[in-house]
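> Coordinates in upload-v7.txt, compact mmCIF, C-alpha atoms, are listed below.
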# COMPACT_ATOMS: atom_id res chain seq x y z
CA MET A 64 246.09 33.74 220.56
CA ALA A 65 242.41 34.45 220.06
CA SER A 66 240.11 33.37 222.83
CA GLU A 67 237.76 30.46 222.27
CA PRO A 68 234.22 31.25 221.13
CA PRO A 69 231.81 31.28 224.11
CA LEU A 70 230.20 27.97 223.17
CA LEU A 71 233.58 26.21 223.11
CA GLN A 72 234.97 27.64 226.33
CA LYS A 73 235.32 25.14 229.13
CA ALA A 74 233.17 25.59 232.19
CA PRO A 75 235.23 26.64 235.23
CA VAL A 76 236.15 23.81 237.56
CA LEU A 77 234.54 24.51 240.92
CA SER A 78 236.08 23.55 244.23
CA THR A 79 234.20 21.31 246.66
CA SER A 80 233.27 24.35 248.76
CA GLN A 81 231.96 26.20 245.71
CA ASN A 82 229.96 23.16 244.60
CA VAL A 83 228.46 22.80 248.08
CA ALA A 84 227.61 26.51 248.20
CA GLN A 85 225.89 26.28 244.81
CA LEU A 86 223.93 23.19 245.86
CA LEU A 87 222.87 24.88 249.10
CA LYS A 88 221.47 27.78 247.06
CA GLU A 89 219.53 25.31 244.92
CA VAL A 90 218.17 23.58 248.04
CA GLN A 91 217.10 26.94 249.46
CA TYR A 92 215.31 27.80 246.19
CA LEU A 93 213.57 24.41 246.17
CA VAL A 94 212.45 24.83 249.80
CA LEU A 95 210.92 28.22 248.90
CA GLN A 96 209.13 26.59 245.96
CA ILE A 97 207.86 23.81 248.21
CA GLN A 98 206.47 26.39 250.65
CA GLU A 99 204.75 28.28 247.82
CA ASP A 100 203.20 25.04 246.57
CA ARG A 101 202.11 24.17 250.09
CA ASN A 102 200.42 27.56 250.55
CA HIS A 103 198.61 27.13 247.23
CA SER A 104 197.55 23.62 248.22
CA ALA A 105 196.21 24.88 251.56
CA GLU A 106 193.95 27.35 249.72
CA ASN A 107 192.62 24.62 247.48
CA LEU A 108 192.02 22.22 250.39
CA ASN A 109 190.17 24.99 252.20
CA ASN A 110 187.92 25.40 249.14
CA ILE A 111 187.24 21.65 249.14
CA ASN A 112 186.17 21.77 252.79
CA LYS A 113 183.94 24.80 252.16
CA THR A 114 182.27 23.05 249.22
CA HIS A 115 181.56 19.97 251.34
CA ASP A 116 180.10 22.22 254.06
CA LYS A 117 177.75 23.84 251.53
CA MET A 118 176.67 20.43 250.26
CA ARG A 119 175.88 19.30 253.81
CA HIS A 120 173.97 22.53 254.45
CA GLU A 121 171.82 22.13 251.30
CA GLN A 122 171.49 18.38 251.94
CA ARG A 123 171.73 17.53 248.25
CA ILE A 124 174.41 16.87 245.67
CA THR A 125 173.90 18.88 242.49
CA SER A 126 175.82 18.61 239.23
CA TYR A 127 177.36 21.99 240.08
CA PHE A 128 178.87 20.62 243.28
CA LYS A 129 180.01 17.44 241.53
CA ASN A 130 181.82 19.36 238.79
CA LYS A 131 183.32 21.84 241.23
CA LEU A 132 184.64 19.10 243.53
CA LYS A 133 186.04 17.16 240.59
CA GLY A 134 188.03 20.21 239.51
CA LEU A 135 189.21 20.94 243.05
CA TYR A 136 190.33 17.35 243.64
CA ASN A 137 192.17 17.27 240.30
CA THR A 138 193.99 20.43 241.34
CA ALA A 139 194.80 18.94 244.75
CA THR A 140 196.25 15.82 243.10
CA SER A 141 198.37 17.95 240.76
CA ASP A 142 199.58 20.10 243.66
CA ALA A 143 200.56 17.03 245.68
CA ARG A 144 202.46 15.56 242.72
CA SER A 145 204.32 18.83 242.16
CA GLU A 146 205.24 19.14 245.84
CA SER A 147 206.43 15.52 245.94
CA GLU A 148 208.69 16.09 242.92
CA LEU A 149 210.20 19.22 244.48
CA ILE A 150 210.86 17.39 247.76
CA GLN A 151 212.53 14.55 245.84
CA LYS A 152 214.76 17.05 244.01
CA ALA A 153 215.71 18.73 247.29
CA MET A 154 216.59 15.35 248.83
CA GLU A 155 218.80 14.54 245.83
CA LYS A 156 220.64 17.86 246.25
CA ILE A 157 221.15 17.19 249.97
CA THR A 158 222.57 13.74 249.13
CA GLU A 159 224.98 15.38 246.64
CA ILE A 160 226.13 17.79 249.36
CA ARG A 161 226.79 14.93 251.79
CA GLU A 162 228.71 13.02 249.12
CA LEU A 163 230.89 16.03 248.28
CA ARG A 164 231.66 16.71 251.94
CA ASN A 165 232.51 13.07 252.62
CA GLU A 166 234.72 12.92 249.51
CA LYS A 167 236.58 15.98 250.78
CA LYS A 168 237.05 14.40 254.21
CA GLY A 169 238.28 11.21 252.55
CA ARG A 170 240.86 13.15 250.49
CA GLU A 171 242.02 15.08 253.55
CA SER A 172 242.34 11.86 255.55
CA SER A 173 244.27 10.21 252.71
CA GLY A 174 246.56 13.24 252.44
CA ARG A 175 247.33 13.21 256.16
CA SER A 176 248.20 9.53 256.14
CA GLY A 177 250.38 9.90 253.05
CA ALA A 178 248.99 6.63 251.76
CA SER A 179 248.65 6.16 248.02
CA SER A 180 245.96 4.00 246.48
CA SER A 181 244.84 3.01 243.00
CA HIS A 182 241.24 3.39 244.14
CA SER A 183 239.58 6.79 244.45
CA VAL A 184 238.37 7.73 247.91
CA HIS A 185 234.57 7.95 247.99
CA HIS A 186 232.31 7.58 250.98
CA HIS A 187 228.63 6.86 250.83
CA PRO A 188 226.73 9.84 252.32
CA TYR A 189 225.40 7.68 255.13
CA ALA A 190 228.60 5.74 255.83
CA ASP A 191 229.95 5.70 259.35
CA GLU A 192 232.85 8.14 259.78
CA ARG A 193 234.01 7.33 263.25
CA PRO A 194 237.55 8.35 264.20
CA LYS A 195 240.15 5.73 264.99
CA GLY A 196 239.58 4.04 268.31
CA MET A 197 235.98 5.18 268.82
CA ARG A 198 234.30 3.91 271.96
CA ARG A 199 231.62 1.25 271.50
CA GLY A 200 228.79 3.36 272.89
CA VAL A 201 229.52 6.14 270.40
CA LEU A 202 229.72 3.61 267.56
CA MET A 203 226.31 2.17 268.45
CA SER A 204 224.80 5.66 268.57
CA LEU A 205 226.25 6.50 265.15
CA LEU A 206 224.90 3.31 263.61
CA GLN A 207 221.45 4.15 264.95
CA GLN A 208 221.77 7.69 263.62
CA ASN A 209 222.81 6.40 260.18
CA ALA A 210 219.70 4.21 260.13
CA SER A 211 217.39 7.11 260.95
CA GLN A 212 219.03 9.32 258.29
CA LEU A 213 218.56 6.77 255.52
CA PRO A 214 216.39 8.63 252.97
CA LEU A 215 212.78 7.62 252.46
CA TRP A 216 211.95 6.71 248.88
CA ARG A 217 209.24 8.97 247.50
CA GLY A 218 208.72 8.20 243.84
CA ARG A 219 206.32 9.85 241.45
CA VAL A 220 202.78 8.51 241.12
CA GLY A 221 202.94 5.02 239.61
CA GLU A 222 206.76 4.85 239.84
CA SER A 223 208.14 1.60 241.23
CA PRO A 224 210.79 1.76 243.97
CA PRO A 225 214.37 1.11 242.81
CA ALA A 226 216.73 -1.70 243.72
CA LEU A 227 218.08 -1.44 247.30
CA CYS A 228 214.93 0.26 248.52
CA GLY A 229 213.76 -1.64 251.60
CA MET A 230 213.88 -5.37 250.94
CA LEU A 231 214.49 -5.04 247.18
CA PRO A 232 217.87 -6.60 246.28
CA ALA A 233 220.63 -4.99 244.25
CA GLU A 234 220.85 -5.51 240.50
CA SER A 235 222.93 -8.57 239.54
CA ASN A 236 225.75 -6.37 238.18
CA TYR A 237 225.73 -3.93 241.11
CA ILE A 238 229.13 -3.05 242.59
CA CYS A 239 229.30 -1.52 246.07
CA ARG A 240 231.25 1.72 246.33
CA PRO A 241 234.11 2.44 248.73
CA GLY A 242 232.55 3.64 251.97
CA ASP A 243 229.33 1.65 251.55
CA HIS A 244 228.20 -0.48 254.47
CA VAL A 245 227.43 -4.14 253.80
CA ALA A 246 226.69 -7.42 255.51
CA ALA A 247 229.82 -9.53 255.02
CA ARG A 248 230.31 -13.24 255.73
CA VAL A 249 233.74 -13.68 257.32
CA LYS A 250 235.67 -16.46 259.00
CA VAL A 251 236.11 -16.26 262.76
CA PRO A 252 238.21 -18.41 265.13
CA ASP A 253 237.62 -22.20 265.10
CA ASP A 254 236.81 -22.04 261.36
CA GLU A 255 233.33 -20.71 262.09
CA GLU A 256 231.71 -18.06 259.90
CA GLU A 257 229.44 -15.15 260.73
CA TRP A 258 227.83 -12.16 259.06
CA ILE A 259 229.26 -8.84 260.25
CA LEU A 260 228.65 -5.17 259.48
CA ALA A 261 231.56 -4.02 257.32
CA GLU A 262 232.66 -1.04 255.25
CA VAL A 263 233.82 -1.47 251.65
CA ALA A 264 237.41 -0.33 251.12
CA SER A 265 237.78 -1.28 247.45
CA TYR A 266 236.66 -3.66 244.70
CA ASN A 267 238.98 -5.44 242.30
CA SER A 268 237.15 -6.01 239.02
CA SER A 269 239.80 -8.43 237.72
CA THR A 270 239.44 -10.82 240.68
CA GLY A 271 235.80 -10.01 241.50
CA LYS A 272 236.71 -9.54 245.17
CA TYR A 273 236.10 -6.84 247.74
CA ASP A 274 238.38 -5.57 250.48
CA VAL A 275 236.14 -4.75 253.45
CA ASP A 276 236.88 -3.49 256.95
CA ASP A 277 235.14 -4.76 260.07
CA ILE A 278 233.18 -1.75 261.35
CA ASP A 279 233.57 -2.86 264.96
CA TYR A 280 237.06 -1.57 265.65
CA THR A 281 237.03 0.23 268.99
CA GLU A 282 239.42 1.32 271.71
CA GLU A 283 238.41 -1.66 273.80
CA ASP A 284 239.71 -4.08 271.15
CA GLY A 285 243.32 -3.04 271.68
CA LYS A 286 244.00 -3.61 267.96
CA SER A 287 246.55 -1.64 265.95
CA GLY A 288 244.13 -1.14 263.07
CA LYS A 289 240.91 -2.19 261.40
CA GLU A 290 240.46 -5.86 260.59
CA ARG A 291 240.37 -6.23 256.82
CA HIS A 292 238.87 -9.13 254.87
CA GLN A 293 239.12 -10.01 251.18
CA LEU A 294 235.80 -11.51 250.10
CA SER A 295 234.09 -12.65 246.92
CA ARG A 296 230.87 -10.94 245.81
CA ARG A 297 228.75 -13.86 247.01
CA ARG A 298 229.91 -13.14 250.57
CA ILE A 299 228.63 -9.56 250.42
CA VAL A 300 225.05 -8.28 250.81
CA PRO A 301 224.61 -4.53 250.17
CA LEU A 302 222.48 -2.69 252.73
CA PRO A 303 219.43 -0.69 251.59
CA LEU A 304 220.08 2.80 250.20
CA TRP A 305 216.47 3.93 250.83
CA ARG A 306 213.75 3.17 253.34
CA ALA A 307 210.48 1.94 251.85
CA ASP A 308 207.38 4.00 252.66
CA PRO A 309 204.72 1.63 254.07
CA SER A 310 201.90 3.88 252.83
CA THR A 311 202.99 3.85 249.17
CA ASN A 312 205.45 0.98 248.65
CA SER A 313 204.54 -1.82 251.04
CA GLU A 314 205.70 -4.29 248.36
CA ALA A 315 209.27 -3.21 249.17
CA LEU A 316 208.95 -4.35 252.80
CA PHE A 317 209.56 -7.80 254.24
CA GLN A 318 206.38 -9.53 255.40
CA HIS A 319 205.29 -11.21 258.64
CA LYS A 320 207.20 -14.45 259.41
CA GLN A 321 209.62 -13.92 256.50
CA LEU A 322 213.14 -15.26 257.15
CA VAL A 323 215.78 -12.50 257.13
CA MET A 324 219.18 -11.52 258.47
CA ALA A 325 219.06 -8.65 260.95
CA LEU A 326 221.61 -6.72 262.96
CA TYR A 327 221.22 -7.72 266.60
CA PRO A 328 220.71 -4.57 268.73
CA GLN A 329 223.88 -3.12 270.27
CA THR A 330 226.10 -5.43 268.20
CA THR A 331 227.62 -5.39 264.72
CA CYS A 332 226.61 -8.93 263.74
CA PHE A 333 223.74 -10.14 261.59
CA TYR A 334 221.75 -13.20 262.68
CA ARG A 335 218.87 -15.22 261.28
CA ALA A 336 215.48 -13.89 262.35
CA LEU A 337 211.79 -13.91 261.50
CA ILE A 338 209.86 -10.73 260.80
CA HIS A 339 207.40 -10.19 263.67
CA THR A 340 205.82 -6.84 262.75
CA VAL A 341 206.21 -4.69 259.64
CA PRO A 342 206.48 -0.87 259.74
CA LYS A 343 203.06 0.75 259.34
CA VAL A 344 204.29 4.35 259.08
CA GLU A 345 207.51 5.74 257.65
CA HIS A 346 209.34 6.24 260.97
CA GLU A 347 208.62 2.78 262.39
CA ASP A 348 211.16 -0.05 262.50
CA TYR A 349 210.64 -3.77 262.04
CA THR A 350 210.36 -5.98 265.05
CA VAL A 351 212.04 -9.35 264.56
CA LEU A 352 212.39 -12.65 266.41
CA PHE A 353 216.02 -13.76 266.46
CA GLU A 354 216.79 -17.47 266.50
CA ASP A 355 217.86 -18.20 270.08
CA THR A 356 218.01 -21.69 271.59
CA SER A 357 218.03 -20.26 275.12
CA TYR A 358 214.28 -19.67 274.75
CA ALA A 359 211.74 -22.52 274.85
CA ASP A 360 210.31 -21.77 271.40
CA GLY A 361 213.75 -21.15 269.87
CA TYR A 362 213.23 -17.43 269.32
CA SER A 363 214.00 -14.25 271.24
CA PRO A 364 211.27 -11.79 272.28
CA PRO A 365 210.47 -9.19 269.57
CA LEU A 366 213.33 -6.72 269.10
CA SER A 367 213.30 -3.51 267.08
CA VAL A 368 215.62 -3.27 264.05
CA PRO A 369 215.66 -0.39 261.49
CA GLN A 370 215.08 -1.06 257.78
CA ARG A 371 218.73 -0.25 257.07
CA TYR A 372 219.89 -3.32 258.99
CA VAL A 373 217.43 -5.95 257.76
CA VAL A 374 218.40 -7.86 254.59
CA SER A 375 217.29 -11.00 252.78
CA PHE A 376 218.45 -14.26 254.26
CA LYS A 377 221.28 -15.69 252.20
CA LYS A 378 222.01 -19.41 252.15
CA ARG A 379 225.64 -20.39 252.36
Could you render the structure as structure tokens?

Amino acid sequence: MASEPPLLQKAPVLSTSQNVAQLLKEVQYLVLQIQEDRNHSAENLNNINKTHDKMRHEQRITSYFKNKLKGLYNTATSDARSESELIQKAMEKITEIRELRNEKKGRESSGRSGASSSHSVHHHPYADERPKGMRRGVLMSLLQQNASQLPLWRGRVGESPPALCGMLPAESNYICRPGDHVAARVKVPDDEEEWILAEVASYNSSTGKYDVDDIDYTEEDGKSGKERHQLSRRRIVPLPLWRADPSTNSEALFQHKQLVMALYPQTTCFYRALIHTVPKVEHEDYTVLFEDTSYADGYSPPLSVPQRYVVSFKKR
């Protein structure tokens, strides 16, 4: 049988390892481009400084200097935009690599357990992957690490941040993926309810309900397995997928004295709190005042909580 014409031949299906290798090459190429752009930008910035020095030396601003600086600043703006776009592309490739690797781990884990499921295994690149029976101290460290690795949103000039960046809520039709971390309102003993940090196991579109696992399953619990809850969508609040950059997208950050739900440090529970201070630079966390009747004014001292674990307050 004659072979298919080139345009009709199917592209070869690459393995996870091959896909990761290809993406790593693309990241390497992008990093080299970023460095080239940065070197070019440094030259231009040096020319700007030299021009300002000449202006100060002559103690007058001529039309020549004005036109020259205008051109140099336009070039600097263009260079910065180009570098920002390359960095964004590299971050997207890195996220793809993490997703592929986590999908592979999920398949391997599913294969070892021999369990069959109607839902595909997919882990969010920043989901916690602790082994069964992890000690609490290790769990807390991993949660902190996940928060610090949450990507910073860097959009193009004039581009608005997307849903689930900082304080921005999810779209109304948004469905969390298996492996995503969420704030989940669950029932606890004595018919009380609380918001816990949970991991999405699956979503049933016909019932509109999630199966979620309590993230706080440790050796100390003495449990035979993770505690699973079946919850409606209104009992789930997705966590941010990006950190908001205070210097460019302050509108995506909660503001002073705003009521929120925040993960209490060294626990896996969300409690009502007021924003005390807002991040001023990209690596800063919020500080919040948790409601606490043991204090005279009803609030705890300011405690630091990363953007990943601060979400809008949700009425019952």
> Report the distance between CA of Gln207 in chain A and CA of Ala307 in chain A in Å, rounded to one decimal place.
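Separation of CA of Gln207 in chain A and CA of Ala307 in chain A: 17.2 Å.
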> I want to know what sits within 9 Å of Glu262 in chain A, based on all atoms listed in the file, with residues of the same chain fewer than 2 positions away left out; could you give that as a PDB file with C-alpha atoms, in the coordinates of the input?

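The resulting file, around_22.pdb, is reproduced below:
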ATOM      1  CA  ALA A 190     228.600   5.740 255.830  1.00  0.00           C
ATOM      2  CA  ASP A 191     229.950   5.700 259.350  1.00  0.00           C
ATOM      3  CA  PRO A 241     234.110   2.440 248.730  1.00  0.00           C
ATOM      4  CA  GLY A 242     232.550   3.640 251.970  1.00  0.00           C
ATOM      5  CA  ASP A 243     229.330   1.650 251.550  1.00  0.00           C
ATOM      6  CA  HIS A 244     228.200  -0.480 254.470  1.00  0.00           C
ATOM      7  CA  VAL A 245     227.430  -4.140 253.800  1.00  0.00           C
ATOM      8  CA  ALA A 246     226.690  -7.420 255.510  1.00  0.00           C
ATOM      9  CA  ALA A 247     229.820  -9.530 255.020  1.00  0.00           C
ATOM     10  CA  LEU A 260     228.650  -5.170 259.480  1.00  0.00           C
ATOM     11  CA  ALA A 264     237.410  -0.330 251.120  1.00  0.00           C
ATOM     12  CA  ASP A 274     238.380  -5.570 250.480  1.00  0.00           C
ATOM     13  CA  VAL A 275     236.140  -4.750 253.450  1.00  0.00           C
ATOM     14  CA  ASP A 276     236.880  -3.490 256.950  1.00  0.00           C
ATOM     15  CA  ASP A 277     235.140  -4.760 260.070  1.00  0.00           C
ATOM     16  CA  ILE A 278     233.180  -1.750 261.350  1.00  0.00           C
TER      17      ILE A 278
END
> Of the candidates A:His103, A:Lys377, A:His339, A:Arg306, which shows the shortest atom-to-atom distance to Ala210 in chain A, using all atoms listed in the file?
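Closest residue, counting all atoms listed in the file: A:Arg306.
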> Would you compute the distance between CA of Leu132 in chain A and CA of Ala105 in chain A? Give it in Å to one decimal.
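According to the coordinates, CA of Leu132 in chain A and CA of Ala105 in chain A are separated by 15.2 Å.
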> Could you tell me how far CA of Trp216 in chain A sits from CA of Ser367 in chain A, in Å to one decimal place?
20.9 Å
> Pick from A:Thr158, A:Ser310, A:Asn209, A:Ser375: nearest to Val90 in chain A, with all atoms listed in the file counted?
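Closest residue, counting all atoms listed in the file: A:Thr158.
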> Point out the residue among A:Gln98, A:Glu354, A:Ala84, A:Leu304 with the least atom-to-atom distance to Pro232 in chain A, counting only C-alpha atoms.
A:Leu304
> Between A:Arg161, A:Lys378, A:Arg119, A:Lys113, which has the minimum distance to Leu86 in chain A (counting only C-alpha atoms)?
A:Arg161
> Let me make sure I understand: among A:Thr138, A:Ser80, A:Phe376, A:Asn267, which one has the smallest atom-to-atom distance to Arg240 in chain A if we use all atoms listed in the file?
A:Asn267
> Neighbours of range 313-316 of chain A within 6 Å (all atoms listed in the file; same-chain residues fewer than 4 positions away dropped), as a ChimeraX atom specification?
/A:229-231,307,309
> Which residue out of A:Gln293, A:Asn82, A:Asn109, A:Thr356 has the minimum interatomic distance to Leu135 in chain A when only C-alpha atoms are used?
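With only C-alpha atoms as the atom set, the closest residue is A:Asn109.
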> Near Thr330 in chain A, within 12 Å and counting only C-alpha atoms, which residues show up once chain neighbours fewer than 2 positions away are dropped, as number ranges by chain?
A: 199-200, 202-204, 206-207, 258-260, 278-280, 325-328, 332-334, 368, 372
> Using all atoms of range 270-279 of chain A listed in the file and a margin of 3 Å per side, can you give the axis-aligned box centre and edge lengths in Å to one decimal, as AutoDock Vina command-line options?

--center_x 236.3 --center_y -6.3 --center_z 252.8 --size_x 12.3 --size_y 15.1 --size_z 30.3
> Can you tell me, as a PyMOL selection string, which residues sit within 10 Å of (178.1, 21.7, 244.8) in the file's frame, using only C-alpha atoms?
chain A and resi 113-119+121+123-132
